[in-house]
Amino acid sequence: MTITLIEESFATHTDGLSVLETKQIRPITGIVEIEDLTSSSDGMSDLEVTSEELNDEELQYTSGSIPKLQFRKDTSKARWNAEMGMAKVIEKNGKMWITIGIVRRGKLYCTIEETLFLAEIGAHHLLDVGDTTLFLKDLYEKVAEGKSGCCWETFKVYRHLKSLGYIVGRYGVPWTMKSNNGCNSALQGTTKTSAVSDIYLPNSKFRKSPPGDPSFMLYVTRAYPPSRNEIEELERKCNGIPLKFSHVDHG
Amino acid sequence: MGPRWKGKDSEARALAEPMSEIVQQLQSCLIHSKTRGLLLGCSVLLGAGADCMDLLIRACFGQPIITAEKDKQWFELSLEESFYLFHSLRCLEIAGEDKRLKNEDEIWQYIISKKPAFPYFYKAYSHLRDKNWVVRSGFQYGVDFVAYHYHPALVHSEYAILVLSEGSDDVNGRLNVWSDLKCMVRLCGSVVKTLLVLRINRSDGYLAVSPLCLEKCNVEEYTITRWNPEQCREEKTINKRTGFLFMCSVCRMVSRACNNNAKMRVGDVKYQEEIAQDNGQRHNADPEEEKEKLEKLKF
């Protein structure tokens with residue numbers, strides 16, 4: 001079984017999916033389009049597998065077949081700031097920064113989900129305050145701590161959509177802010193966990209200033225489907241922008 | 001319906017290397033390497049070296065996370081999988097967000113807080129795993145689990161599993177109306193699986209109190225399949241549309257002896273074929289004959 005590896009700045013690909021093909025990605029999220037799993041015939045006979053095989057079960061690895069990602073462009077460098085719950089970018093390389101990171105007073109910061117995503121694909125080298133390298137283990141532990149505004153389920157949704165080329169931002173967190181007014185509160189807002197994200201379709205012409213309205217907003221649900229009240233409240237927040245819900249399966 | 005193998009050599013490979021042996025090797029490897037998992041939301045992450053990585057894949061625990069890190073392979077395990085390694089196989093330690101190792105009660109309380117119905121799902125999961133079935137999430141099919149004879153790379157899953165509990169606090173709310181039952185049977189037919197229901201019966205008290213409660217409950221297994229009277233009148237079956245009558249067969253599968261004192265890891269593939277073939281006759285089986293059959297399969 002072969003898998004296409006993520007190579008470089010996926011965000012610049014307009015077709016949105018030039019990397020892992022959808023059918024090869026383990027469907028860890030169920031975004032609300034229900035697949036038609038029944039056969040098209042009205043007969044009650046048990047038909048042989050058709051649609052099952054295409055999207056069968058999970059992506060199955062056998063020994064020795066797990067691919068390793070290799071980021072080809074020069075890696076960037078960032079330093080983690082525990083108080084802010086974000087990483088400040090020190091060296092910026094590659095085009096991926098067009099669609100990742102928020103700009104505050106001319107400096108570029110990335111959220112825990114952006115930081116972890118880039119670390120997983122080897123796109124940046126992350127340092128701690130004392131210039132010690134932070135590894136994936138350290139970042140997973142930071143997500144577990146829950147102080148940086150993103151839980152594991154939200155990160156999985158983020159990673160899944162980013163891998164497909166979508167542009168993902170946190171709801172209520174502006175991509176850029178030039179002035180000092182409200183700057184601190186905007187940064188502090190990043191440590192509170194929010195289940196809502198602004199999603200833009202893959203777009204090579206995306207700009208952080210101004211980004212325009214998102215293509216849709218996404219709410220990461222918990223154990224149960226959303227209630228009618230929840231849906232109505234979220235729709236009010238969305239202000240006319242389409243809303244989707246995702247559910248993350250475990251195991 | 002027997003197992004649907006993928007490819008010509010798959011069955012032979014499965015017979016040559018039973019899942020029970022692979023799981024035992026994984027158990028030793030994890031103990032030896034003192035691997036520890038990290039509780040993260042409703043998952044457990046663990047970083048495995050080369051040996052354990054290979055066995056985790058072959059034994060089908062967790063999903064690998066594709067990263068650029070070279071010296072370690074990260075896996076994401078479900079709560080059931082990780083608790084099975086921790087509690088049943090005693091080969092994994094688990095830490096929390098404070099990086100401190102958690103004891104059994106702490107892990108249990110954490111898991112229950114995330115998933116109150118976990119004891120029932122875990123009982124079902126461990127019940128099947130102990131019998132060497134490979135058990136994975138059934139999310140894609142709207143069921144709780146799917147069960148494979150062997151590694152999913154070599155065989156399609158045979159059973160789609162729903163976990164039910166007795167009494168008014170039914171944890172799943174499934175199969176309470178005919179429309180749900182019909183929907184599930186139809187779906188399972190379309191994806192060539194048999195609907196298997198595992199009913200977890202507790203002898204006293206709610207299961208969530210502590211892991212010890214798991215020992216006190218038992219599992220009833222039964223399959224639900226559609227029965228088409230038009231097709232069963234003759235030797236040869238005729239495919240015709242049925243009317244609006246919906247009939248189904250409920251086949252009780254008497255659970256093989258899998259008591260807590262002696263976990264038997266019998267000849268995996270052949271053993272499971274036996275279950276599949278004679279599940280319709282289980283309730284009439286002679287217990288002495290059963291025991292003899294079981295003895296012969298052991299290795």
# chains A, B, ... in the order shown; residues from 1 in each chain; ligands from 1
>>> closest_atom_pairs(of="chain B", to="chain A", cutoff="7 Å", atoms="only C-alpha atoms", output="CSV")
residue,atom,partner,partner_atom,distance
B:Leu40,CA,A:Ala144,CA,5.2
B:Gly41,CA,A:Trp152,CA,5.6
B:Cys42,CA,A:His250,CA,6.8
B:Ser43,CA,A:His250,CA,6.5
B:Asp54,CA,A:Ser63,CA,5.5
B:Ile57,CA,A:Ser63,CA,6.3
B:Arg58,CA,A:Ser63,CA,6.8
B:Gly62,CA,A:Gly251,CA,6.6
B:Ile66,CA,A:Lys68,CA,6.3
B:Thr67,CA,A:Glu120,CA,4.7
B:Ala68,CA,A:Leu69,CA,4.5
B:Leu77,CA,A:Gly251,CA,6.0
B:Ser78,CA,A:Gly251,CA,4.3
B:Glu97,CA,A:Ala144,CA,5.0
B:Arg136,CA,A:Gly251,CA,6.5
B:Ser137,CA,A:Gly251,CA,5.4
B:Phe139,CA,A:Asp249,CA,6.7
B:Pro152,CA,A:Gln60,CA,6.7
B:Ala153,CA,A:Gln60,CA,5.8
B:Leu187,CA,A:Thr38,CA,6.2
B:Gly189,CA,A:Asp46,CA,5.1
B:Ser190,CA,A:Asp46,CA,5.8
B:Val191,CA,A:Val49,CA,5.7
B:Val192,CA,A:Val49,CA,6.5
B:Asn239,CA,A:Ser45,CA,6.5
B:Arg241,CA,A:Gly43,CA,5.4
B:Thr242,CA,A:Met44,CA,6.9
>>> residues_around(residues="A:Thr99", least_positions_apart="5", cutoff="10 Å", atoms="only C-alpha atoms", output="number ranges by chain")
A: 9-12, 162, 165-169, 175, 200, 202-208, 211
>>> write_last_selection(atoms="N, CA, C and O atoms", output="short mmCIF file (atom, residue, chain, number, x, y, z; two decimals), in the first residue's frame")
data_model
loop_
_atom_site.label_atom_id
_atom_site.label_comp_id
_atom_site.auth_asym_id
_atom_site.auth_seq_id
_atom_site.Cartn_x
_atom_site.Cartn_y
_atom_site.Cartn_z
N SER A 9 4.55 23.21 1.13
CA SER A 9 3.49 24.11 1.54
C SER A 9 2.19 23.74 0.87
O SER A 9 1.81 24.27 -0.14
N PHE A 10 1.52 22.80 1.51
CA PHE A 10 0.26 22.29 1.01
C PHE A 10 -0.75 23.39 0.82
O PHE A 10 -1.64 23.31 0.04
N ALA A 11 -0.65 24.45 1.61
CA ALA A 11 -1.68 25.48 1.60
C ALA A 11 -1.72 26.24 0.29
O ALA A 11 -2.68 26.91 -0.01
N THR A 12 -0.68 26.14 -0.48
CA THR A 12 -0.68 26.89 -1.73
C THR A 12 -1.33 26.12 -2.87
O THR A 12 -1.49 26.61 -3.94
N LYS A 162 -6.30 20.54 7.96
CA LYS A 162 -5.06 21.15 7.44
C LYS A 162 -4.39 20.23 6.44
O LYS A 162 -3.86 20.65 5.43
N GLY A 165 -5.70 20.63 3.15
CA GLY A 165 -5.47 21.92 2.48
C GLY A 165 -6.38 23.04 2.94
O GLY A 165 -6.27 24.17 2.46
N TYR A 166 -7.30 22.76 3.83
CA TYR A 166 -8.17 23.83 4.33
C TYR A 166 -7.37 24.81 5.19
O TYR A 166 -6.32 24.46 5.73
N ILE A 167 -7.90 26.00 5.31
CA ILE A 167 -7.26 27.02 6.15
C ILE A 167 -8.13 27.15 7.40
O ILE A 167 -9.34 27.40 7.30
N VAL A 168 -7.52 26.96 8.56
CA VAL A 168 -8.29 26.86 9.79
C VAL A 168 -7.83 27.92 10.79
O VAL A 168 -6.64 28.02 11.09
N GLY A 169 -8.80 28.68 11.27
CA GLY A 169 -8.47 29.66 12.30
C GLY A 169 -9.41 29.52 13.47
O GLY A 169 -10.50 28.97 13.34
N TRP A 175 -6.81 37.19 12.51
CA TRP A 175 -5.55 36.75 11.92
C TRP A 175 -4.45 37.78 12.13
O TRP A 175 -3.28 37.45 12.33
N TYR A 200 -11.65 28.08 5.92
CA TYR A 200 -11.62 28.61 4.57
C TYR A 200 -11.24 27.47 3.63
O TYR A 200 -10.37 26.67 3.94
N PRO A 202 -9.37 25.67 0.59
CA PRO A 202 -7.99 25.85 0.12
C PRO A 202 -7.94 26.95 -0.95
O PRO A 202 -8.73 26.96 -1.87
N ASN A 203 -7.01 27.87 -0.79
CA ASN A 203 -7.00 29.05 -1.63
C ASN A 203 -5.60 29.65 -1.64
O ASN A 203 -5.10 30.09 -0.62
N SER A 204 -4.98 29.64 -2.81
CA SER A 204 -3.61 30.14 -2.87
C SER A 204 -3.56 31.65 -2.71
O SER A 204 -2.51 32.22 -2.48
N LYS A 205 -4.71 32.29 -2.83
CA LYS A 205 -4.72 33.76 -2.74
C LYS A 205 -5.17 34.23 -1.35
O LYS A 205 -5.48 35.40 -1.16
N PHE A 206 -5.22 33.32 -0.41
CA PHE A 206 -5.64 33.69 0.94
C PHE A 206 -4.67 34.71 1.53
O PHE A 206 -3.45 34.57 1.40
N ARG A 207 -5.23 35.72 2.18
CA ARG A 207 -4.40 36.71 2.87
C ARG A 207 -4.97 36.90 4.26
O ARG A 207 -6.18 36.92 4.45
N LYS A 208 -4.07 37.09 5.21
CA LYS A 208 -4.54 37.25 6.58
C LYS A 208 -5.20 38.61 6.78
O LYS A 208 -5.95 38.82 7.72
N PRO A 211 -8.92 38.50 5.60
CA PRO A 211 -9.17 37.14 5.15
C PRO A 211 -10.54 36.96 4.50
O PRO A 211 -10.77 36.00 3.80
#
>>> select_by_dssp(residues="stretch 17-133 of chain B", states="alpha helix (DSSP H)", output="ChimeraX atom specification")
/B:19-33,50-59,79-83,104-114,118-130
>>> atom_distance(atom1="atom CA of A:Leu127", atom2="atom CA of A:Ala195")
27.4 Å
>>> closest_residue(among="A:Asp74, A:Glu232, A:Asp198, A:Asp128", to="A:Val220", atoms="only C-alpha atoms")
A:Asp198
>>> atom_distance(atom1="atom CA of A:Asp138", atom2="atom CA of A:Arg170")
22.4 Å
>>> residues_around(residues="B:Ser126", least_positions_apart="2", cutoff="8 Å", atoms="only C-alpha atoms", output="list in words")
Glu80, Tyr84, Ser88, Tyr122, Lys123, Ala124, Leu128, Arg129 and Asp130 of chain B
